[in-house]
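Student: Sharing run23.csv below, CSV, C-alpha atoms and all ligand atoms:
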chain,number,residue,atom,x,y,z
A,1,MET,CA,0.0,0.0,0.0
A,2,THR,CA,1.2,3.5,-0.7
A,3,PRO,CA,1.3,6.0,2.2
A,4,SER,CA,-1.7,7.7,0.7
A,5,GLU,CA,-3.7,4.4,0.6
A,6,GLN,CA,-2.6,3.7,4.2
A,7,ALA,CA,-3.8,7.1,5.3
A,8,LYS,CA,-7.2,6.7,3.6
A,9,LEU,CA,-7.6,3.2,5.1
A,10,VAL,CA,-6.8,4.5,8.6
A,11,LEU,CA,-9.2,7.4,8.2
A,12,SER,CA,-12.0,5.1,7.2
A,13,LEU,CA,-11.4,3.0,10.3
A,14,THR,CA,-11.1,5.9,12.8
A,15,ASP,CA,-13.6,6.9,15.4
A,16,LEU,CA,-12.6,10.6,15.5
A,17,THR,CA,-12.7,11.4,19.1
A,18,SER,CA,-13.2,14.5,21.3
A,19,LEU,CA,-13.6,13.8,25.0
A,20,GLU,CA,-12.3,16.9,26.6
A,21,ASP,CA,-13.6,18.9,29.6
A,22,ASN,CA,-13.7,22.1,27.4
A,23,ASP,CA,-15.6,20.5,24.5
A,24,ASN,CA,-18.4,22.8,23.3
A,25,PHE,CA,-20.8,23.0,20.4
A,26,ALA,CA,-18.2,24.8,18.2
A,27,SER,CA,-15.5,22.2,18.9
A,28,ILE,CA,-18.0,19.4,18.1
A,29,GLU,CA,-18.9,21.1,14.9
A,30,ALA,CA,-15.2,21.3,13.9
A,31,LEU,CA,-14.8,17.6,14.8
A,32,CYS,CA,-17.8,16.6,12.6
A,33,LYS,CA,-16.5,18.7,9.7
A,34,LYS,CA,-13.2,16.8,9.9
A,35,ALA,CA,-15.1,13.5,10.0
A,36,THR,CA,-16.9,14.2,6.8
A,37,SER,CA,-14.3,16.3,4.9
A,38,GLU,CA,-13.1,16.1,1.3
A,39,TYR,CA,-10.4,13.6,2.4
A,40,GLY,CA,-13.1,11.0,3.1
A,41,ASN,CA,-15.4,10.0,6.0
A,42,THR,CA,-14.3,8.5,9.2
A,43,ALA,CA,-16.0,5.4,10.6
A,44,ALA,CA,-17.6,7.4,13.5
A,45,VAL,CA,-17.2,10.4,15.8
A,46,CYS,CA,-17.0,9.8,19.5
A,47,VAL,CA,-18.2,12.5,21.8
A,48,TYR,CA,-19.6,13.1,25.3
A,49,LYS,CA,-23.3,12.3,25.6
A,50,GLN,CA,-24.5,15.9,25.9
A,51,PHE,CA,-23.1,16.5,22.4
A,52,ALA,CA,-24.3,13.3,20.8
A,53,ALA,CA,-27.6,14.5,19.4
A,54,TYR,CA,-25.9,17.6,17.9
A,55,ALA,CA,-23.2,15.4,16.3
A,56,LYS,CA,-25.9,13.1,14.8
A,57,TYR,CA,-27.6,16.2,13.3
A,58,LEU,CA,-24.3,17.4,11.9
A,59,VAL,CA,-23.0,14.2,10.3
A,60,GLU,CA,-26.4,13.0,9.2
A,61,ASP,CA,-26.0,9.3,8.1
A,62,LYS,CA,-22.5,9.8,6.8
A,63,VAL,CA,-20.6,8.5,9.8
A,64,LYS,CA,-21.8,6.8,13.0
A,65,VAL,CA,-22.0,8.6,16.3
A,66,ALA,CA,-20.6,7.0,19.4
A,67,THR,CA,-20.7,8.2,23.0
A,68,VAL,CA,-19.0,6.9,26.2
A,69,ILE,CA,-20.6,5.7,29.4
A,70,ASN,CA,-19.0,4.7,32.8
A,71,PHE,CA,-16.2,6.9,31.5
A,72,PRO,CA,-13.3,7.2,32.2
A,73,ASP,CA,-13.1,5.5,35.6
A,74,GLY,CA,-14.9,2.2,35.0
A,75,ALA,CA,-17.1,2.3,38.1
A,76,LEU,CA,-19.3,-0.6,39.4
A,77,ASP,CA,-22.4,1.5,40.1
A,78,PRO,CA,-25.7,0.1,38.8
A,79,GLN,CA,-27.6,3.4,39.2
A,80,ARG,CA,-25.0,5.4,37.3
A,81,PHE,CA,-24.9,2.7,34.7
A,82,ALA,CA,-28.7,2.7,34.3
A,83,PHE,CA,-28.9,6.5,34.0
A,84,GLU,CA,-26.0,6.9,31.6
A,85,TYR,CA,-27.1,4.0,29.4
A,86,ALA,CA,-30.7,5.3,29.2
A,87,TYR,CA,-29.5,8.8,28.4
A,88,ALA,CA,-27.2,7.5,25.6
A,89,LEU,CA,-30.1,5.6,24.1
A,90,SER,CA,-32.4,8.6,24.3
A,91,GLN,CA,-29.9,10.5,22.2
A,92,LYS,CA,-30.2,7.8,19.5
A,93,VAL,CA,-26.5,7.2,19.3
A,94,ASP,CA,-25.3,4.4,17.0
A,95,GLU,CA,-22.6,3.1,19.3
A,96,ILE,CA,-21.9,3.1,23.0
A,97,ASP,CA,-18.3,2.8,24.4
A,98,TYR,CA,-18.6,1.4,27.9
A,99,VAL,CA,-15.7,1.3,30.4
A,100,PHE,CA,-15.3,-2.2,31.9
A,101,PRO,CA,-15.1,-2.1,35.7
A,102,TRP,CA,-11.4,-3.0,35.5
A,103,ARG,CA,-10.6,-2.0,39.1
A,104,LYS,CA,-12.9,-4.8,40.4
A,105,LEU,CA,-11.0,-7.3,38.2
A,106,VAL,CA,-7.7,-6.1,39.5
A,107,GLU,CA,-9.0,-6.5,43.1
A,108,LEU,CA,-10.2,-10.1,42.3
A,109,THR,CA,-6.9,-11.1,40.9
A,110,GLN,CA,-4.6,-9.2,43.3
A,111,ASP,CA,-3.4,-12.4,45.1
A,112,GLN,CA,-2.6,-14.2,41.8
A,113,GLU,CA,0.7,-14.5,40.2
A,114,HIS,CA,0.6,-12.3,37.2
A,115,ALA,CA,2.5,-14.6,34.9
A,116,PHE,CA,1.2,-14.6,31.3
A,117,ALA,CA,-1.9,-16.9,31.1
A,118,ASP,CA,-2.3,-19.8,28.8
A,119,LEU,CA,-5.2,-18.3,26.8
A,120,SER,CA,-7.0,-21.6,26.3
A,121,GLN,CA,-7.1,-21.9,30.1
A,122,VAL,CA,-8.4,-18.4,30.9
A,123,LYS,CA,-11.9,-19.7,31.8
A,124,ALA,CA,-10.4,-21.9,34.6
A,125,ASN,CA,-9.4,-18.8,36.5
A,126,PRO,CA,-11.7,-18.2,39.5
A,127,ALA,CA,-11.8,-14.4,38.9
A,128,TYR,CA,-13.2,-15.1,35.4
A,129,GLN,CA,-16.4,-16.8,36.7
A,130,THR,CA,-16.9,-14.1,39.5
A,131,MET,CA,-16.4,-11.2,37.1
A,132,LYS,CA,-18.6,-12.8,34.4
A,133,GLU,CA,-21.5,-13.1,36.9
A,134,ILE,CA,-21.0,-9.4,38.0
A,135,MET,CA,-21.1,-8.3,34.3
A,136,ALA,CA,-24.5,-9.9,33.7
A,137,ASP,CA,-26.2,-6.8,35.0
A,138,TYR,CA,-24.1,-4.5,32.6
A,139,LEU,CA,-23.1,-6.4,29.5
A,140,GLY,CA,-26.4,-8.4,29.6
A,141,PRO,CA,-28.6,-5.3,28.9
A,142,LEU,CA,-26.0,-3.5,26.8
A,143,CYS,CA,-25.8,-6.4,24.3
A,144,LYS,CA,-29.5,-6.9,24.0
A,145,LYS,CA,-30.1,-3.6,22.1
A,146,ASP,CA,-29.3,-2.8,18.4
A,147,THR,CA,-26.9,-0.1,19.5
A,148,LYS,CA,-23.3,-1.3,18.9
A,149,VAL,CA,-21.3,-1.9,22.1
A,150,LYS,CA,-17.6,-1.3,22.5
A,151,VAL,CA,-16.1,-2.3,25.9
A,152,ILE,CA,-13.1,-0.4,27.0
A,153,LEU,CA,-10.8,-2.6,29.0
A,154,GLU,CA,-8.3,0.1,30.1
A,155,SER,CA,-5.8,-2.6,29.1
A,156,GLY,CA,-2.8,-0.4,29.7
A,157,SER,CA,-3.6,-0.6,33.5
A,158,LEU,CA,-4.0,-4.4,33.4
A,159,THR,CA,-1.7,-7.4,33.4
A,160,PRO,CA,-1.8,-9.8,30.4
A,161,LEU,CA,-3.8,-12.2,32.6
A,162,GLN,CA,-6.3,-9.5,33.4
A,163,VAL,CA,-6.6,-8.4,29.8
A,164,ALA,CA,-7.3,-12.1,28.9
A,165,ILE,CA,-10.0,-12.5,31.5
A,166,ALA,CA,-11.7,-9.3,30.6
A,167,SER,CA,-11.5,-10.0,26.9
A,168,GLN,CA,-12.9,-13.5,27.4
A,169,ILE,CA,-15.9,-12.1,29.3
A,170,CYS,CA,-16.5,-9.6,26.5
A,171,LEU,CA,-16.4,-12.5,24.0
A,172,ASP,CA,-18.9,-14.5,26.1
A,173,TYR,CA,-21.4,-11.7,26.0
A,174,GLN,CA,-20.7,-11.2,22.3
A,175,VAL,CA,-19.9,-7.4,22.5
A,176,ASP,CA,-19.4,-5.8,19.2
A,177,PHE,CA,-15.9,-4.5,19.9
A,178,ILE,CA,-13.2,-4.9,22.5
A,179,LYS,CA,-11.5,-1.5,22.9
A,180,THR,CA,-8.2,-1.0,24.6
A,181,SER,CA,-8.1,2.3,26.5
A,182,THR,CA,-9.9,5.5,27.5
A,183,GLY,CA,-6.9,7.7,26.7
A,184,LYS,CA,-7.4,9.2,30.2
A,185,HIS,CA,-5.7,6.7,32.5
A,186,GLY,CA,-2.3,5.0,32.6
A,187,LYS,CA,-0.9,3.6,29.4
A,188,GLY,CA,-2.9,3.6,26.2
A,189,ALA,CA,-3.0,1.0,23.4
A,190,ARG,CA,-0.2,-1.5,23.3
A,191,LEU,CA,0.5,-4.1,20.6
A,192,SER,CA,1.1,-6.8,23.3
A,193,ASP,CA,-2.5,-6.3,24.6
A,194,ALA,CA,-3.8,-6.3,21.0
A,195,GLN,CA,-2.1,-9.6,20.4
A,196,ILE,CA,-3.9,-11.2,23.4
A,197,ILE,CA,-7.3,-9.8,22.2
A,198,PHE,CA,-6.8,-11.0,18.6
A,199,THR,CA,-5.7,-14.4,19.7
A,200,LEU,CA,-8.8,-14.8,21.9
A,201,ILE,CA,-11.1,-13.6,19.1
A,202,LYS,CA,-9.6,-16.3,16.9
A,203,LEU,CA,-9.7,-19.0,19.6
A,204,ASN,CA,-13.4,-18.2,20.2
A,205,ASN,CA,-14.1,-18.1,16.5
A,206,SER,CA,-15.9,-14.9,17.4
A,207,SER,CA,-17.3,-12.1,15.3
A,208,THR,CA,-16.4,-9.5,17.9
A,209,GLY,CA,-14.3,-6.6,16.6
A,210,PHE,CA,-11.4,-4.6,18.0
A,211,LYS,CA,-10.7,-0.9,18.6
A,212,ALA,CA,-7.2,0.4,19.4
A,213,SER,CA,-7.4,3.6,21.4
A,214,GLY,CA,-5.3,5.8,23.6
A,215,GLY,CA,-2.2,7.5,22.3
A,216,ILE,CA,-2.5,6.6,18.6
A,217,ARG,CA,-1.3,9.7,16.8
A,218,THR,CA,0.2,8.6,13.5
A,219,VAL,CA,-0.8,6.5,10.5
A,220,ALA,CA,2.4,4.5,10.9
A,221,ASN,CA,1.5,3.6,14.4
A,222,ALA,CA,-2.0,2.6,13.3
A,223,MET,CA,-0.6,0.4,10.6
A,224,GLU,CA,1.3,-1.6,13.2
A,225,TYR,CA,-2.1,-2.7,14.6
A,226,ILE,CA,-3.5,-3.4,11.2
A,227,THR,CA,-0.5,-5.6,10.3
A,228,LEU,CA,-0.7,-7.6,13.6
A,229,ALA,CA,-4.5,-8.1,13.1
A,230,GLN,CA,-4.0,-9.3,9.5
A,231,SER,CA,-1.4,-11.8,10.7
A,232,ILE,CA,-3.8,-13.4,13.3
A,233,LEU,CA,-7.3,-12.8,11.9
A,234,GLY,CA,-6.7,-12.2,8.2
A,235,ASP,CA,-7.4,-9.4,5.8
A,236,ASP,CA,-11.1,-9.5,6.1
A,237,PHE,CA,-11.0,-8.3,9.7
A,238,ILE,CA,-9.7,-4.9,8.5
A,239,LYS,CA,-13.0,-3.2,7.9
A,240,PRO,CA,-15.1,-0.7,10.0
A,241,GLU,CA,-17.5,-3.4,11.0
A,242,THR,CA,-14.7,-5.1,13.0
A,243,PHE,CA,-11.7,-2.9,13.2
A,244,ARG,CA,-11.5,0.7,14.5
A,245,PHE,CA,-9.1,3.2,15.9
A,246,GLY,CA,-10.2,5.6,18.6
A,247,ALA,CA,-8.1,8.7,18.3
A,248,SER,CA,-8.2,12.4,19.1
A,249,GLY,CA,-4.9,13.4,17.5
A,250,ILE,CA,-4.4,11.3,14.4
A,251,TYR,CA,-6.2,13.6,11.9
A,252,ASN,CA,-3.4,16.0,11.2
A,253,ASP,CA,-1.0,13.1,10.3
A,254,ILE,CA,-3.7,11.7,7.9
A,255,VAL,CA,-4.2,15.0,6.2
A,256,ASN,CA,-0.4,15.7,6.0
A,257,ILE,CA,0.1,12.4,4.2
A,258,LEU,CA,-2.9,12.9,1.9
A,259,THR,CA,-1.7,16.4,1.0
A,260,GLY,CA,1.9,15.2,0.5
A,261,ASN,CA,3.3,17.3,3.4
A,262,GLN,CA,5.1,14.5,5.2
A,263,THR,CA,5.6,10.7,5.6
A,264,SER,CA,4.4,9.2,8.8
A,265,THR,CA,6.7,7.6,11.4
A,266,PRO,CA,5.6,5.3,14.2
A,267,THR,CA,5.2,6.8,17.6
A,268,ASN,CA,5.2,5.0,20.9
A,269,SER,CA,1.5,4.4,21.5
A,270,SER,CA,1.9,3.9,25.2
A,271,TYR,CA,2.3,7.1,27.1
B,1,LIG,O1,-11.8,6.7,23.2
B,1,LIG,C1,-10.7,7.1,22.7
B,1,LIG,C2,-9.7,7.7,23.4
B,1,LIG,O2,-10.2,8.6,24.3
B,1,LIG,C3,-8.8,8.4,22.5
B,1,LIG,O3,-7.5,8.6,23.1
B,1,LIG,P1,-6.5,9.7,22.6
B,1,LIG,O4,-7.1,11.0,23.0
B,1,LIG,O5,-5.2,9.4,23.3
B,1,LIG,O6,-6.4,9.6,21.1
In structure tokens, what does this structure look like?

Tutor:
Amino acid sequence: MTPSEQAKLVLSLTDLTSLEDNDNFASIEALCKKATSEYGNTAAVCVYKQFAAYAKYLVEDKVKVATVINFPDGALDPQRFAFEYAYALSQKVDEIDYVFPWRKLVELTQDQEHAFADLSQVKANPAYQTMKEIMADYLGPLCKKDTKVKVILESGSLTPLQVAIASQICLDYQVDFIKTSTGKHGKGARLSDAQIIFTLIKLNNSSTGFKASGGIRTVANAMEYITLAQSILGDDFIKPETFRFGASGIYNDIVNILTGNQTSTPTNSSY
């Protein structure tokens, strides 16, 4: 692929994101213009729930609108979940990015040796069963609706064992996407975590997709995830239905490549 083809591919897979405290209607308008520009459409825009309806109005049906719930902390709070979920649905979003209560998983596994797990044995871990039962009240309702569900693991704050347990639970509930990070806490996306997730998707023969997020700033960095996914799950996995990037800062690199201003170099995605 030429650099330009790579940039166009990454653009088409990107959930162009703005999740900042100072977001306002003007900044969301600017985001939506970028998402539907002459360079091509992104897969989605991802915004806080109070801007979702406006974003839907702006992008019409050209790109999907996603919002975040239980974000960014990953609480285990049924009332907050119910409110935020109902509010997101009322805004008629296409996709909901929900933060997995990863701190609870860390607590459940704190006495365990955090050596890398044999992925085929992950269901034998006691924390897997406990956490799966807890998640029935969250992933159960989320996965019943037509709205696409992406579950954010906050993988950069987890051990490989914890990434594997959380991913397996997501696969059991048949979430639409397993997403790596909020971009707000700890390390962002890492190829090592993506490898665990891709391997479990394959082992489960699952149709669940993947979203790399948190710290992805360049097309070259994004291409590293595409290449890894292709090697484990094949070329057909690389489409917006199953593969996304969540990124707030990649757009300039895409445009610079498409306008011939620069060639992209990988950056360290973990910050
Ligand atoms: O949900 C996506 C992330 O918030 C994006 O993270 P980022 O701001 O590091 O690109």

Student: Which chains and residue numbers are within 9 Å of ligand LIG 1 (chain B), counting only C-alpha atoms and all ligand atoms, if I want them as a short mmCIF file (atom, residue, chain, number, x, y, z; two decimals) with C-alpha atoms, keeping the file's coordinate frame?

Tutor:
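Okay, pocket.cif is ready:
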data_model
loop_
_atom_site.label_atom_id
_atom_site.label_comp_id
_atom_site.auth_asym_id
_atom_site.auth_seq_id
_atom_site.Cartn_x
_atom_site.Cartn_y
_atom_site.Cartn_z
CA ASP A 15 -13.60 6.90 15.40
CA LEU A 16 -12.60 10.60 15.50
CA THR A 17 -12.70 11.40 19.10
CA SER A 18 -13.20 14.50 21.30
CA LEU A 19 -13.60 13.80 25.00
CA GLU A 20 -12.30 16.90 26.60
CA CYS A 46 -17.00 9.80 19.50
CA VAL A 47 -18.20 12.50 21.80
CA VAL A 68 -19.00 6.90 26.20
CA PRO A 72 -13.30 7.20 32.20
CA ASP A 97 -18.30 2.80 24.40
CA ILE A 152 -13.10 -0.40 27.00
CA LYS A 179 -11.50 -1.50 22.90
CA THR A 180 -8.20 -1.00 24.60
CA SER A 181 -8.10 2.30 26.50
CA THR A 182 -9.90 5.50 27.50
CA GLY A 183 -6.90 7.70 26.70
CA LYS A 184 -7.40 9.20 30.20
CA GLY A 188 -2.90 3.60 26.20
CA ALA A 189 -3.00 1.00 23.40
CA LYS A 211 -10.70 -0.90 18.60
CA ALA A 212 -7.20 0.40 19.40
CA SER A 213 -7.40 3.60 21.40
CA GLY A 214 -5.30 5.80 23.60
CA GLY A 215 -2.20 7.50 22.30
CA ILE A 216 -2.50 6.60 18.60
CA ARG A 217 -1.30 9.70 16.80
CA PHE A 245 -9.10 3.20 15.90
CA GLY A 246 -10.20 5.60 18.60
CA ALA A 247 -8.10 8.70 18.30
CA SER A 248 -8.20 12.40 19.10
CA GLY A 249 -4.90 13.40 17.50
CA ILE A 250 -4.40 11.30 14.40
CA SER A 269 1.50 4.40 21.50
CA TYR A 271 2.30 7.10 27.10
#

Student: Looking at only C-alpha atoms, which of A:Met223, A:Leu119, A:Ala7, A:Val99 is the one that sits closest to A:Phe71?

Tutor: A:Val99

Student: Taking (-15.7, -11.1, 36.6) in the file's coordinates, which residues come within 12 Å, counting only C-alpha atoms, written as an MDAnalysis selection string?

Tutor: chainID A and resid 76 100:109 122:123 125:139 162:170 172

Student: So, with all atoms listed in the file as the atoms that count, which of A:Leu258, A:Val175, A:Val63, A:Ala86 lies closest to A:Val151?

Tutor: A:Val175

Student: Any idea what the distance is between atom CA of A:Ile196 and atom CA of A:Ser155?

Tutor: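 That distance, rounded to one decimal, is 10.5 Å.
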
Student: Would you work out the distance separating atom CA of A:Ser90 from atom CA of A:Lys49, expressed in Å to one decimal?

Tutor: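 A separation of 9.9 Å between them.
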
Student: May I ask which of the residues A:Glu5, A:Gln121, A:Val219, A:Pro240 is the closest one to A:Lys64, counting only C-alpha atoms?

Tutor: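 The shortest atom-to-atom distance to A:Lys64 comes from A:Pro240.
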
Student: Return the single residue from A:Lys145, A:Lys34, A:Arg244, A:Lys62 that is closest to A:Tyr85, with distances computed using only C-alpha atoms.

Tutor: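 Closest to A:Tyr85 of all the choices is A:Lys145.
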
Student: Quick check, in Å to one decimal: how far apart do atom CA of A:Val10 and atom CA of A:Asp23 lie?

Tutor: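 Going from atom CA of A:Val10 over to atom CA of A:Asp23 covers 24.2 Å.
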
Student: Between A:Glu224, A:Glu84, A:Asp118, A:Glu154, which one has atoms that come closest to A:Thr67, using all atoms listed in the file?

Tutor: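 Among the listed residues, A:Glu84 lies closest to A:Thr67.
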
Student: What lies within 10 Å of A:Gly40 using only C-alpha atoms, ignoring chain neighbours under 2 positions off, as a CSV table (one decimal) with C-alpha atoms, in the coordinates of the input?

Tutor:
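part-v7.csv, freshly written:
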chain,number,residue,atom,x,y,z
A,8,LYS,CA,-7.2,6.7,3.6
A,9,LEU,CA,-7.6,3.2,5.1
A,11,LEU,CA,-9.2,7.4,8.2
A,12,SER,CA,-12.0,5.1,7.2
A,34,LYS,CA,-13.2,16.8,9.9
A,35,ALA,CA,-15.1,13.5,10.0
A,36,THR,CA,-16.9,14.2,6.8
A,37,SER,CA,-14.3,16.3,4.9
A,38,GLU,CA,-13.1,16.1,1.3
A,42,THR,CA,-14.3,8.5,9.2
A,43,ALA,CA,-16.0,5.4,10.6

Student: Dump as a PyMOL selection string all residues having an atom at most 10 Å from (-15.6, -11.2, 16.4), computed in the file's coordinates with all atoms listed in the file.

Tutor: chain A and resi 171+174-178+198+200-202+204-210+233+237+241-243
